[in-house]
Structures are given as structure tokens and as C-alpha cells.
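Dumped target_13.txt below, it's compact mmCIF, C-alpha atoms:
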```txt
# COMPACT_ATOMS: atom_id res chain seq x y z
CA MET A 18 26.76 -41.08 -52.34
CA PRO A 19 23.48 -41.46 -50.41
CA GLU A 20 20.40 -41.09 -52.46
CA PRO A 21 18.38 -37.90 -51.79
CA GLU A 22 15.14 -38.35 -49.96
CA PRO A 23 12.08 -38.26 -52.19
CA PHE A 24 10.30 -34.91 -52.32
CA GLU A 25 6.93 -34.77 -50.57
CA PRO A 26 4.49 -32.16 -51.82
CA LEU A 27 3.23 -29.59 -49.28
CA GLU A 28 -0.28 -30.86 -49.87
CA SER A 29 0.68 -34.06 -48.02
CA TYR A 30 0.95 -32.09 -44.70
CA GLY A 31 -2.74 -31.36 -44.63
CA GLU A 32 -4.63 -28.10 -44.71
CA GLU A 33 -1.66 -25.97 -43.57
CA GLY A 34 0.53 -27.34 -46.36
CA ARG A 35 -2.12 -26.75 -48.96
CA ALA A 36 -2.60 -23.20 -47.67
CA ILE A 37 1.12 -22.46 -47.95
CA ALA A 38 1.38 -24.02 -51.38
CA SER A 39 -1.56 -22.06 -52.70
CA THR A 40 -0.22 -18.72 -51.51
CA GLY A 41 3.23 -18.95 -53.00
CA ALA A 42 6.39 -17.57 -51.41
CA GLY A 43 4.52 -15.37 -48.92
CA GLY A 44 2.33 -18.19 -47.69
CA ALA A 45 4.14 -18.73 -44.39
CA SER A 46 3.83 -15.10 -43.31
CA ASP A 47 0.18 -14.97 -44.38
CA LEU A 48 -0.55 -18.10 -42.38
CA ALA A 49 1.14 -16.67 -39.28
CA THR A 50 -0.92 -13.50 -39.62
CA ALA A 51 -4.10 -15.53 -39.92
CA GLU A 52 -3.25 -17.57 -36.83
CA ALA A 53 -2.58 -14.38 -34.84
CA GLU A 54 -5.93 -12.95 -35.88
CA THR A 55 -7.61 -16.21 -34.86
CA LEU A 56 -6.02 -16.09 -31.41
CA GLU A 57 -7.22 -12.52 -30.92
CA LYS A 58 -10.78 -13.60 -31.69
CA MET A 59 -10.71 -16.51 -29.24
CA PRO A 60 -13.02 -16.14 -26.21
CA GLU A 61 -11.44 -14.67 -23.13
CA GLY A 62 -10.48 -16.79 -20.16
CA PRO A 63 -11.43 -16.25 -16.53
CA GLU A 64 -12.13 -12.76 -15.27
CA GLY A 65 -9.04 -10.59 -15.20
CA THR A 66 -7.06 -12.81 -17.66
CA GLY A 67 -8.34 -11.64 -21.06
CA PRO A 68 -6.32 -9.36 -23.35
CA ASP A 69 -8.54 -6.36 -22.54
CA LYS A 70 -8.85 -7.06 -18.79
CA LYS A 71 -6.69 -5.35 -16.24
CA PRO A 72 -5.33 -7.52 -13.40
CA ARG A 73 -7.31 -7.23 -10.18
CA SER A 74 -5.80 -5.47 -7.20
CA LEU A 75 -5.47 -7.07 -3.77
CA TRP A 76 -8.71 -5.48 -2.57
CA SER A 77 -10.77 -6.38 -5.63
CA ASP A 78 -9.35 -9.90 -5.57
CA ALA A 79 -10.21 -10.18 -1.86
CA TRP A 80 -13.77 -8.97 -2.48
CA HIS A 81 -14.07 -11.47 -5.32
CA ASP A 82 -13.19 -14.29 -2.88
CA LEU A 83 -15.34 -12.96 -0.03
CA ARG A 84 -18.48 -12.92 -2.17
CA ARG A 85 -18.07 -16.66 -2.70
CA ASN A 86 -17.24 -17.51 0.91
CA PRO A 87 -20.31 -18.85 2.78
CA ILE A 88 -18.74 -18.02 6.15
CA PHE A 89 -18.44 -14.37 5.16
CA ILE A 90 -22.01 -14.27 3.86
CA ILE A 91 -23.52 -15.85 6.99
CA SER A 92 -21.50 -13.75 9.45
CA GLY A 93 -22.14 -10.61 7.40
CA LEU A 94 -25.90 -11.16 7.46
CA VAL A 95 -25.85 -11.72 11.23
CA ILE A 96 -23.80 -8.56 11.79
CA LEU A 97 -26.05 -6.58 9.45
CA PHE A 98 -29.08 -7.71 11.45
CA LEU A 99 -27.36 -6.72 14.71
CA VAL A 100 -26.51 -3.29 13.34
CA ILE A 101 -30.08 -2.72 12.18
CA ILE A 102 -31.65 -3.65 15.52
CA SER A 103 -28.99 -1.60 17.30
CA ILE A 104 -30.08 1.49 15.40
CA TRP A 105 -33.81 0.73 15.30
CA PRO A 106 -34.61 -1.79 18.08
CA GLN A 107 -38.28 -0.78 17.92
CA LEU A 108 -38.54 -2.63 14.59
CA ILE A 109 -38.77 -5.96 16.41
CA ALA A 110 -39.36 -4.90 20.04
CA SER A 111 -42.21 -2.53 20.80
CA GLY A 112 -41.86 -2.52 24.58
CA ASP A 113 -39.71 -0.51 26.99
CA PRO A 114 -36.69 -2.36 28.44
CA LEU A 115 -37.06 -0.39 31.69
CA ASP A 116 -40.79 -1.11 32.07
CA CYS A 117 -40.92 -3.75 34.81
CA ASP A 118 -43.69 -5.46 36.81
CA LEU A 119 -42.58 -7.22 39.98
CA SER A 120 -45.70 -9.37 39.96
CA LYS A 121 -44.31 -11.16 36.88
CA ALA A 122 -40.77 -11.64 38.21
CA GLN A 123 -39.04 -14.83 36.99
CA GLU A 124 -42.10 -15.97 35.02
CA GLY A 125 -41.54 -17.95 31.85
CA SER A 126 -42.70 -17.45 28.30
CA GLN A 127 -46.11 -15.87 27.79
CA PRO A 128 -48.07 -14.55 24.78
CA GLY A 129 -46.35 -11.35 23.73
CA HIS A 130 -43.34 -12.12 25.94
CA PRO A 131 -41.56 -15.09 24.29
CA PHE A 132 -38.45 -14.94 26.50
CA GLY A 133 -40.27 -14.50 29.81
CA PHE A 134 -39.39 -12.02 32.56
CA ASN A 135 -36.30 -11.40 34.68
CA GLY A 136 -35.95 -11.02 38.42
CA GLN A 137 -37.33 -7.48 38.36
CA GLY A 138 -40.27 -8.36 36.13
CA CYS A 139 -38.74 -6.81 32.98
CA ASP A 140 -39.34 -8.38 29.59
CA VAL A 141 -36.26 -10.44 28.74
CA TYR A 142 -36.94 -10.26 24.99
CA THR A 143 -37.06 -6.47 24.95
CA ARG A 144 -33.93 -6.17 27.08
CA THR A 145 -32.08 -8.65 24.86
CA VAL A 146 -32.95 -6.65 21.74
CA TYR A 147 -32.02 -3.29 23.28
CA GLY A 148 -28.84 -4.79 24.77
CA ALA A 149 -27.46 -5.22 21.25
CA ARG A 150 -27.22 -1.44 20.89
CA THR A 151 -24.90 -1.06 23.88
CA SER A 152 -22.70 -4.03 23.04
CA VAL A 153 -22.29 -3.15 19.36
CA THR A 154 -21.64 0.51 20.19
CA VAL A 155 -18.93 -0.35 22.71
CA GLY A 156 -17.31 -2.87 20.36
CA VAL A 157 -17.28 -0.62 17.29
CA LEU A 158 -16.07 2.54 19.07
CA ALA A 159 -13.40 0.67 21.02
CA THR A 160 -12.16 -1.04 17.86
CA LEU A 161 -12.01 2.26 15.95
CA GLY A 162 -10.06 3.92 18.77
CA VAL A 163 -7.64 1.03 19.08
CA ALA A 164 -7.12 0.77 15.31
CA ILE A 165 -6.51 4.50 14.82
CA LEU A 166 -4.19 4.95 17.79
CA GLY A 167 -2.32 1.69 17.29
CA SER A 168 -1.90 2.18 13.54
CA ILE A 169 -0.53 5.71 13.89
CA LEU A 170 1.95 4.92 16.66
CA GLY A 171 3.02 1.57 15.22
CA GLY A 172 3.26 2.90 11.67
CA LEU A 173 5.48 5.81 12.73
CA ALA A 174 7.70 3.49 14.76
CA GLY A 175 8.08 1.06 11.87
CA PHE A 176 8.78 3.79 9.31
CA PHE A 177 11.28 5.93 11.25
CA GLY A 178 12.78 3.26 13.53
CA GLY A 179 15.62 4.31 15.79
CA ALA A 180 14.90 5.78 19.20
CA TRP A 181 11.17 6.22 18.48
CA ASP A 182 10.85 2.52 17.73
CA GLY A 183 12.80 1.55 20.84
CA VAL A 184 10.74 3.74 23.18
CA LEU A 185 7.42 2.54 21.75
CA SER A 186 8.50 -1.10 22.02
CA ARG A 187 9.29 -0.70 25.72
CA ILE A 188 5.97 1.06 26.34
CA THR A 189 4.03 -1.72 24.64
CA ASP A 190 5.91 -4.29 26.74
CA VAL A 191 4.68 -2.54 29.88
CA PHE A 192 1.06 -2.60 28.68
CA PHE A 193 1.30 -6.23 27.64
CA ALA A 194 2.30 -7.09 31.22
CA ILE A 195 -1.00 -5.72 32.59
CA PRO A 196 -3.78 -8.36 32.81
CA VAL A 197 -6.84 -6.97 31.07
CA VAL A 198 -9.47 -8.10 33.56
CA LEU A 199 -7.36 -7.10 36.56
CA GLY A 200 -6.65 -3.73 34.99
CA GLY A 201 -10.37 -3.23 34.43
CA LEU A 202 -11.16 -4.07 38.05
CA VAL A 203 -8.59 -1.54 39.27
CA LEU A 204 -9.22 1.32 36.84
CA LEU A 205 -12.99 1.11 36.44
CA SER A 206 -13.77 0.48 40.10
CA VAL A 207 -13.26 4.19 40.84
CA VAL A 208 -15.50 5.34 37.98
CA THR A 209 -19.06 6.27 38.91
CA SER A 210 -20.34 7.16 35.44
CA SER A 211 -22.96 4.83 33.95
CA THR A 212 -22.15 5.77 30.34
CA VAL A 213 -20.16 3.69 27.88
CA TRP A 214 -17.22 6.11 27.59
CA PRO A 215 -15.15 4.93 30.60
CA VAL A 216 -15.35 1.33 29.34
CA ILE A 217 -14.42 2.38 25.79
CA GLY A 218 -11.51 4.47 27.08
CA PHE A 219 -10.22 1.54 29.13
CA MET A 220 -10.34 -0.80 26.12
CA VAL A 221 -8.48 1.70 23.94
CA LEU A 222 -5.88 2.24 26.67
CA LEU A 223 -5.04 -1.45 26.99
CA GLY A 224 -5.82 -2.52 23.40
CA TRP A 225 -3.67 -0.24 21.24
CA PRO A 226 -0.32 -2.04 21.90
CA GLN A 227 -1.45 -5.15 20.03
CA LEU A 228 -2.49 -3.18 16.94
CA SER A 229 0.69 -1.09 17.12
CA ARG A 230 2.81 -4.24 16.97
CA ILE A 231 0.88 -5.47 13.93
CA ALA A 232 1.11 -2.08 12.19
CA ARG A 233 4.81 -1.73 12.98
CA GLY A 234 5.69 -5.12 11.47
CA SER A 235 3.52 -4.51 8.41
CA VAL A 236 5.10 -1.10 7.74
CA ILE A 237 8.63 -2.48 8.15
CA THR A 238 7.83 -5.17 5.56
CA ALA A 239 6.19 -2.74 3.13
CA LYS A 240 8.92 -0.08 3.23
CA GLN A 241 11.51 -2.63 2.04
CA ASN A 242 9.71 -3.20 -1.27
CA ASP A 243 11.25 -1.94 -4.49
CA TYR A 244 8.52 0.57 -5.30
CA VAL A 245 9.09 2.33 -1.96
CA GLN A 246 12.83 2.46 -2.57
CA ALA A 247 12.20 3.82 -6.05
CA ALA A 248 9.91 6.54 -4.66
CA ARG A 249 12.56 7.46 -2.11
CA ALA A 250 15.22 7.66 -4.84
CA LEU A 251 12.97 9.95 -6.86
CA GLY A 252 12.77 12.35 -3.95
CA ALA A 253 9.31 11.54 -2.54
CA SER A 254 8.66 13.02 0.88
CA ASN A 255 8.08 10.86 3.95
CA SER A 256 4.42 11.79 4.13
CA ARG A 257 3.87 10.89 0.48
CA MET A 258 5.60 7.53 0.86
CA MET A 259 3.57 6.74 3.98
CA LEU A 260 0.18 7.75 2.55
CA ARG A 261 0.56 6.72 -1.11
CA HIS A 262 2.86 3.72 -1.07
CA ILE A 263 3.17 2.14 2.39
CA ALA A 264 -0.19 2.61 4.12
CA PRO A 265 -2.39 1.05 1.37
CA ASN A 266 -0.14 -2.04 1.32
CA ALA A 267 0.29 -2.34 5.11
CA VAL A 268 -3.28 -1.84 6.31
CA ALA A 269 -4.58 -5.34 5.49
CA PRO A 270 -3.21 -7.09 8.63
CA VAL A 271 -4.55 -4.27 10.81
CA ILE A 272 -8.05 -4.68 9.35
CA VAL A 273 -7.98 -8.44 9.96
CA VAL A 274 -6.86 -8.15 13.58
CA ALA A 275 -9.28 -5.28 14.29
CA THR A 276 -12.24 -7.26 12.90
CA ILE A 277 -11.49 -10.22 15.14
CA ALA A 278 -10.79 -7.94 18.12
CA LEU A 279 -14.22 -6.31 17.78
CA GLY A 280 -15.90 -9.49 18.99
CA THR A 281 -13.34 -9.72 21.78
CA TYR A 282 -14.17 -6.20 22.99
CA ILE A 283 -17.88 -7.03 23.06
CA SER A 284 -17.20 -10.04 25.28
CA LEU A 285 -14.82 -7.96 27.43
CA GLU A 286 -17.54 -5.39 28.02
CA ALA A 287 -19.91 -8.16 29.10
CA THR A 288 -17.25 -9.59 31.41
CA LEU A 289 -16.55 -6.26 33.08
CA SER A 290 -20.28 -5.56 33.43
CA TYR A 291 -20.78 -9.01 34.92
CA LEU A 292 -18.07 -8.26 37.50
CA GLY A 293 -19.80 -4.99 38.36
CA VAL A 294 -17.12 -2.56 37.14
CA GLY A 295 -18.28 -2.08 33.56
CA LEU A 296 -21.60 -0.61 32.55
CA LYS A 297 -24.06 0.05 35.35
CA PRO A 298 -27.86 0.23 35.54
CA PRO A 299 -30.03 1.73 34.18
CA THR A 300 -27.94 1.03 31.08
CA VAL A 301 -29.30 -2.03 29.25
CA SER A 302 -26.47 -4.47 28.56
CA TRP A 303 -26.13 -8.20 28.03
CA GLY A 304 -23.41 -8.31 30.67
CA ILE A 305 -25.66 -6.66 33.26
CA ASP A 306 -28.53 -9.05 32.47
CA ILE A 307 -26.22 -12.06 32.70
CA SER A 308 -24.90 -10.83 36.04
CA SER A 309 -28.39 -10.31 37.49
CA ALA A 310 -29.61 -13.67 36.15
CA SER A 311 -26.72 -15.77 37.49
CA GLN A 312 -28.27 -16.05 40.96
CA TYR A 313 -31.55 -17.37 39.49
CA ILE A 314 -30.04 -19.89 37.11
CA ARG A 315 -31.63 -22.89 38.84
CA ASN A 316 -35.14 -21.50 39.19
CA ALA A 317 -35.33 -19.37 36.03
CA PRO A 318 -32.64 -20.41 33.52
CA HIS A 319 -34.37 -18.48 30.71
CA MET A 320 -33.15 -15.22 32.29
CA LEU A 321 -29.56 -16.26 31.56
CA LEU A 322 -30.08 -18.27 28.37
CA TRP A 323 -31.25 -15.53 26.02
CA PRO A 324 -28.77 -12.69 26.74
CA ALA A 325 -25.91 -15.19 26.95
CA GLY A 326 -26.96 -16.75 23.64
CA ALA A 327 -27.18 -13.35 21.95
CA LEU A 328 -23.71 -12.48 23.24
CA ALA A 329 -22.23 -15.77 22.02
CA ILE A 330 -23.78 -15.41 18.53
CA THR A 331 -22.53 -11.83 18.20
CA VAL A 332 -18.95 -12.64 19.23
CA LEU A 333 -18.90 -15.72 16.98
CA ALA A 334 -20.17 -13.70 14.00
CA PHE A 335 -17.37 -11.12 14.29
CA ILE A 336 -14.72 -13.81 14.75
CA MET A 337 -15.99 -15.68 11.68
CA LEU A 338 -15.99 -12.42 9.71
CA GLY A 339 -12.39 -11.75 10.76
CA ASP A 340 -11.31 -15.25 9.72
CA ALA A 341 -12.95 -14.83 6.31
CA VAL A 342 -11.29 -11.45 5.77
CA ARG A 343 -7.93 -12.87 6.83
CA ASP A 344 -8.22 -15.74 4.34
CA ALA A 345 -9.09 -13.30 1.55
CA LEU A 346 -6.36 -10.74 2.26
CA ASP A 347 -3.49 -13.12 3.01
CA PRO A 348 -1.92 -14.27 -0.30
CA LYS A 349 -0.14 -17.13 1.49
CA LEU A 350 -3.50 -18.79 2.21
CA ARG A 351 -4.64 -18.79 -1.42
```
Is it possible to give me this structure as C-alpha cells?
Amino acid sequence: MPEPEPFEPLESYGEEGRAIASTGAGGASDLATAEAETLEKMPEGPEGTGPDKKPRSLWSDAWHDLRRNPIFIISGLVILFLVIISIWPQLIASGDPLDCDLSKAQEGSQPGHPFGFNGQGCDVYTRTVYGARTSVTVGVLATLGVAILGSILGGLAGFFGGAWDGVLSRITDVFFAIPVVLGGLVLLSVVTSSTVWPVIGFMVLLGWPQLSRIARGSVITAKQNDYVQAARALGASNSRMMLRHIAPNAVAPVIVVATIALGTYISLEATLSYLGVGLKPPTVSWGIDISSASQYIRNAPHMLLWPAGALAITVLAFIMLGDAVRDALDPKLR
């Protein structure tokens, strides 16, 4: 018969063995209890992973990433500055954008007039500052109109489907076939109003199909999730499912596209104003100033440089903001 292996005392296994040996038969359970208490007292890990921390939602997680994204910070500061000067342009421009002196037409930079004068003798700096109000107003209002109308129509089509979805899809196909600039030339050429509302209405009219497609696809994806099916099985009404379960989880793509589209609408307003069918004088707009300065570009390039630069920076800031929001809200990009 094989000889039995020699007995090794528990003390030979180190501190754990000595602890078990000293506590008797209940030593193993006491040691397990002690280890559990030690684990509970260990410092918590990263935010949202500790025993007392609740997991972050999509929105809180997105905000956590945005705060650490330099692109979001830079674009946000630029947009904040544009919003402030749009509301209170007199903070940095004390003059009147419509106060012109023909004797100073096309003159360059002077003390108190860093951007020079345009072809009518108006201060280019003052007009550039006041032009932000019109461009930001048109962009924000057009984006809100497009987002609201497109989200409602697209969300209803994606949720109910059937004939409503088919009709809306064919309508959006018709609008997608209309070139935006050509449509603006045709529709706005008969408008005599110098306010911003005809331009905003045109943008909403031709812009909602894109947002409706995004909203429709997002709602179709969200309504197939298990929590929506469970709510339906429990007897939840359609309005409750749309507002409580589907809309909060389907709105992220709409926000991303709308943020990027805001910069596009600002550039579209400038394009239509440049072509003479958008905003009209005496409204102060970057597009109007670019249009009037184009014929003097060789003799007085400063008339075109400053409003065009302000327009480019504004559009770029909104596009960068939209890209940062998209990266934060899209889990596939994490």
C-alpha cells in the first residue's frame, strides 16, 4: 500500500493558515466574512462603478464625455459668444449699422473703425457684429421648426407604419427631388417682405423631410426593444409608449442632425441673400454684405473678408458642435 503523505500543519500556509488554525472549526467561515468586509471597505473605482453608485444614463454619460472633449468646449465658447452678441450687439459695437457716410466709402481700417468701410460708407465692423443677430436667429428658428415638424411626422410614421408611413415616404421623396437653391430662387423671388419669416418658412418647408427620415428610422428601432414590447403587453397606451418609452430613446439622432443642420441653414440664408432672393435691405445680414462687397473685391477686399470670415467661423462652430454631440451620443463610436 502507498504510504500516506506527511501531514503539513496549517501554519505552513502562511497567515491564512494560522488564522484558520487559531479559530478552530469555524475558522474558514470567519475568514470568509472578514474578507467580505475588507472588500466592502476597499476604495471605489471610477465614477459610476462603486457599490453605492448608480450607472449613468445615456445623457449623463454623454455629458461626461462632452465636458472632456476640446472640440465641444471650443465650439461651445464660440457659439456662446455669438449668442451673446446677437442679443446684445452694443456690448462690443457702439455704432449704428445703418449710419453711413459716402465720403468714407471703401476706405480701409481707421482708428475706431478696425474693419474699414463698405461701398456705402457704413462701418464694416458694426455691420459684421449686428449681422450675427440675423444669421443666428434664422438658423435657430429654422432648425427648431424643422426638428419639431420632422420629428412629429417621422415619429408617427415610424410608430404606426402602414398607409401613413407609405404616404409620408412618397411625400418626402418629392421634396428630396427639389434642389434647395433652385427652390429658393423660385419661391422667394415672389416675396417682397424684408423680414426673416419668408426665409425661415422656406427652410422649414424643404428641410423637414430629412429630419422625418431620421426620426422615422430611430422610432422603428426603438419600438422593437424589449421594454417597449413589455409596456405594450401590460396595456400601455400608444401615447404613453411614445412619450415615456420611445421618444427619450429615439431623440438622440434627431438632436445630432439638427445641430449640424443649424450651421447649414445659416450658410443657406447667406447664399439666398447673396443671390438676392433671401433677406433684403435694410436688414443687416452677412449674406447681403457679401453680395454688395463682391463687386469691390479687387479694390477693397476688406469689405468681403470680414463678413465672409464671420460666416465661415459660425458655420464651422456649429458643425464641430454637432460632430462632438454625435460622438458622445452614439455608443458605437465609444
I need the residue nearest Thr154 (chain A) from this list: A:Gly280, A:Pro298, A:Gly125, A:Gly136. Use only C-alpha atoms for the distance. A:Gly280
In file coordinates, which residues lie within 6 Å of (-13.4, -12.0, 18.1) using only C-alpha atoms, given as JSON, numbers by chain? {"A": [277, 278, 279, 280, 281, 332, 335, 336]}
Neighbours of Arg230 (chain A) within 9 Å (all atoms listed in the file; same-chain residues fewer than 5 positions away dropped), as a ChimeraX atom specification? /A:167-168,171-172,186,189,225,235
Taking into account all atoms listed in the file, which residue in the set A:Arg343, A:His130, A:Arg150, A:Arg144 is nearest to Phe98 (chain A)? A:Arg150
Polymer residues at most 12 Å from Met220 (chain A), only C-alpha atoms, same-chain spacing of 4 or more positions, as a VMD selection string: chain A and resid 155 to 164 166 192 197 to 198 200 to 201 204 to 205 213 to 216 224 to 227 278 to 279 281 to 286 289 295
Residue with smallest distance to Val236 (chain A) - pool A:Ile188, A:Leu170, A:Ile165, A:Ile314, counting only C-alpha atoms: A:Leu170
Would you kindly identify which residues have an atom no farther than 12 Å from (8.3, 1.4, -4.6), using all atoms listed in the file and the file's own coordinates, and write them out as a PyMOL selection string? chain A and resi 239-253+257-259+261-263+266
Put a box with edges along x, y and z around all the listed atoms of region 107-121 of chain A, pad it by 6 Å on each side, then give me its centre and sizes in Å, one decimal, as AutoDock Vina command-line options.
```
--center_x -41.2 --center_y -5.8 --center_z 27.3 --size_x 21.0 --size_y 22.8 --size_z 37.4
```
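Note that the spacing between CA of Val342 (chain A) and CA of Thr238 (chain A) amounts to 20.1 Å.
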